[in-house]
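Below: upload-v8.pdb (PDB, C-alpha atoms)
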```pdb
ATOM      1  CA  ARG A 753     -88.881 -17.949  64.753  1.00  0.00           C
ATOM      2  CA  LYS A 754     -91.291 -17.894  67.656  1.00  0.00           C
ATOM      3  CA  ALA A 755     -93.045 -14.856  69.003  1.00  0.00           C
ATOM      4  CA  ALA A 756     -92.054 -13.659  72.446  1.00  0.00           C
ATOM      5  CA  ARG A 757     -94.589 -12.745  75.087  1.00  0.00           C
ATOM      6  CA  ASN A 758     -94.515  -9.002  74.385  1.00  0.00           C
ATOM      7  CA  ARG A 759     -93.228  -9.102  70.804  1.00  0.00           C
ATOM      8  CA  PRO A 760     -95.462 -10.543  68.106  1.00  0.00           C
ATOM      9  CA  LEU A 761     -93.971 -11.729  64.843  1.00  0.00           C
ATOM     10  CA  ARG A 762     -93.561  -9.299  61.977  1.00  0.00           C
ATOM     11  CA  ALA A 763     -95.251 -10.083  58.662  1.00  0.00           C
ATOM     12  CA  SER A 764     -91.926 -11.053  57.077  1.00  0.00           C
ATOM     13  CA  GLU A 765     -91.222 -13.501  59.923  1.00  0.00           C
ATOM     14  CA  LYS A 766     -94.674 -15.043  59.500  1.00  0.00           C
ATOM     15  CA  ARG A 767     -94.074 -15.490  55.766  1.00  0.00           C
ATOM     16  CA  PHE A 768     -90.692 -17.093  56.450  1.00  0.00           C
ATOM     17  CA  ASN A 769     -92.213 -19.519  58.979  1.00  0.00           C
ATOM     18  CA  LYS A 770     -94.972 -20.423  56.524  1.00  0.00           C
ATOM     19  CA  MET A 771     -92.428 -20.982  53.764  1.00  0.00           C
ATOM     20  CA  ILE A 772     -90.278 -23.438  55.737  1.00  0.00           C
ATOM     21  CA  SER A 773     -93.059 -25.146  57.697  1.00  0.00           C
ATOM     22  CA  LYS A 774     -93.611 -27.974  55.177  1.00  0.00           C
ATOM     23  CA  ARG A 775     -89.946 -28.871  55.002  1.00  0.00           C
ATOM     24  CA  ARG A 776     -89.572 -28.588  58.782  1.00  0.00           C
ATOM     25  CA  PHE A 777     -92.542 -30.916  59.237  1.00  0.00           C
ATOM     26  CA  ARG A 778     -90.969 -33.621  57.051  1.00  0.00           C
ATOM     27  CA  VAL A 779     -87.609 -33.397  58.823  1.00  0.00           C
ATOM     28  CA  GLU A 780     -89.120 -33.418  62.304  1.00  0.00           C
ATOM     29  CA  GLN A 781     -91.306 -36.368  61.322  1.00  0.00           C
ATOM     30  CA  CYS A 782     -88.193 -38.371  60.387  1.00  0.00           C
ATOM     31  CA  PHE A 783     -86.470 -37.539  63.664  1.00  0.00           C
ATOM     32  CA  GLY A 784     -89.608 -38.476  65.585  1.00  0.00           C
ATOM     33  CA  THR A 785     -89.742 -41.850  63.836  1.00  0.00           C
ATOM     34  CA  MET A 786     -86.081 -42.478  64.595  1.00  0.00           C
ATOM     35  CA  LYS A 787     -86.631 -41.636  68.245  1.00  0.00           C
ATOM     36  CA  ARG A 788     -89.762 -43.764  68.510  1.00  0.00           C
ATOM     37  CA  LEU A 789     -88.707 -46.851  66.559  1.00  0.00           C
ATOM     38  CA  PHE A 790     -84.930 -46.881  66.853  1.00  0.00           C
ATOM     39  CA  GLY A 791     -84.469 -45.513  70.381  1.00  0.00           C
ATOM     40  CA  LEU A 792     -82.529 -42.379  69.485  1.00  0.00           C
ATOM     41  CA  HIS A 793     -83.505 -40.466  72.582  1.00  0.00           C
ATOM     42  CA  ARG A 794     -79.892 -40.489  73.677  1.00  0.00           C
ATOM     43  CA  ALA A 795     -76.633 -41.711  72.149  1.00  0.00           C
ATOM     44  CA  ARG A 796     -75.731 -45.216  73.281  1.00  0.00           C
ATOM     45  CA  TYR A 797     -72.010 -44.877  72.728  1.00  0.00           C
ATOM     46  CA  PHE A 798     -69.171 -42.580  73.717  1.00  0.00           C
ATOM     47  CA  GLY A 799     -67.176 -40.968  70.968  1.00  0.00           C
ATOM     48  CA  VAL A 800     -68.042 -39.226  67.763  1.00  0.00           C
ATOM     49  CA  ASP A 801     -67.336 -42.170  65.454  1.00  0.00           C
ATOM     50  CA  LYS A 802     -69.572 -44.650  67.273  1.00  0.00           C
ATOM     51  CA  THR A 803     -72.347 -42.098  67.723  1.00  0.00           C
ATOM     52  CA  HIS A 804     -72.165 -41.211  64.038  1.00  0.00           C
ATOM     53  CA  ALA A 805     -72.375 -44.903  63.141  1.00  0.00           C
ATOM     54  CA  GLN A 806     -75.441 -45.292  65.366  1.00  0.00           C
ATOM     55  CA  LEU A 807     -77.171 -42.380  63.636  1.00  0.00           C
ATOM     56  CA  ALA A 808     -76.188 -43.705  60.198  1.00  0.00           C
ATOM     57  CA  MET A 809     -77.664 -47.128  61.004  1.00  0.00           C
ATOM     58  CA  ALA A 810     -80.887 -45.489  62.187  1.00  0.00           C
ATOM     59  CA  ALA A 811     -81.042 -43.479  58.950  1.00  0.00           C
ATOM     60  CA  ILE A 812     -80.568 -46.673  56.930  1.00  0.00           C
ATOM     61  CA  GLY A 813     -83.368 -48.293  58.928  1.00  0.00           C
ATOM     62  CA  GLN A 814     -85.571 -45.255  58.309  1.00  0.00           C
ATOM     63  CA  ASN A 815     -84.951 -45.463  54.556  1.00  0.00           C
ATOM     64  CA  LEU A 816     -85.657 -49.215  54.491  1.00  0.00           C
ATOM     65  CA  LEU A 817     -88.888 -48.637  56.392  1.00  0.00           C
ATOM     66  CA  LYS A 818     -89.975 -45.947  53.926  1.00  0.00           C
ATOM     67  CA  ALA A 819     -89.139 -48.234  50.984  1.00  0.00           C
ATOM     68  CA  ALA A 820     -91.091 -51.131  52.501  1.00  0.00           C
ATOM     69  CA  ASN A 821     -94.099 -48.874  53.047  1.00  0.00           C
ATOM     70  CA  LYS A 822     -93.979 -47.678  49.432  1.00  0.00           C
ATOM     71  CA  ILE A 823     -93.786 -51.250  48.124  1.00  0.00           C
ATOM     72  CA  THR A 824     -96.725 -52.278  50.304  1.00  0.00           C
ATOM     73  CA  LEU A 825     -98.804 -49.309  49.161  1.00  0.00           C
ATOM     74  CA  ASN A 826     -98.007 -50.032  45.507  1.00  0.00           C
ATOM     75  CA  ARG A 827     -99.081 -53.661  45.893  1.00  0.00           C
ATOM     76  CA  GLN A 828    -102.328 -52.609  47.538  1.00  0.00           C
ATOM     77  CA  THR A 829    -103.159 -50.131  44.784  1.00  0.00           C
ATOM     78  CA  LEU A 830    -102.373 -52.734  42.112  1.00  0.00           C
ATOM     79  CA  ALA A 831    -104.592 -55.294  43.862  1.00  0.00           C
ATOM     80  CA  ILE A 832    -107.482 -52.829  43.964  1.00  0.00           C
ATOM     81  CA  ALA A 833    -107.138 -51.912  40.284  1.00  0.00           C
TER      82      ALA A 833
END
```

Would it be possible to restate this file's structure as structure tokens?
Amino acid sequence: RKAARNRPLRASEKRFNKMISKRRFRVEQCFGTMKRLFGLHRARYFGVDKTHAQLAMAAIGQNLLKAANKITLNRQTLAIA
């Protein structure tokens, strides 16, 4: 929750925001990557089924990208050791 101009956050709201901030960061990072790399600023298709398929393909691409990065990092750490 965000504070309004004349209403600061209560202590419980600050604790809640702190508690979910790490998870929110990871989720927003994934959506930012999908928007930047896979062009998900706007749906390309009309209809729920095609739009869902577009999002699913972007999620698959995101997962493949993460896997490729992990493999590359593992190879680099093995080469250093």

Inset, instruction - Considering only C-alpha atoms, state which residue in the set A:Met771, A:Ala811, A:Ala755, A:Leu816 is at the smallest distance from Lys787 of chain A. - result: A:Ala811

Inset, instruction - For atom CA of Gly799 of chain A and atom CA of Lys818 of chain A, determine how far apart the two atoms are, in Å to one decimal place. - result: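 Taking atom CA of Gly799 of chain A and atom CA of Lys818 of chain A, their separation equals 28.9 Å.
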
Legend entry - Distance query segment 789-798 of chain A at most 9 Å, all atoms listed in the file, self and fewer than 3 positions along chain excluded, as number ranges by chain: A: 783-786, 801-803, 806-807, 810, 813-814

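Between atom CA of His804 of chain A and atom CA of Asn821 of chain A the separation is 25.7 Å.
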
Inset, instruction - Could you jot down the atom CA of Phe768 of chain A to atom CA of Ala756 of chain A separation for me, Å, one decimal place? - result: 16.4 Å
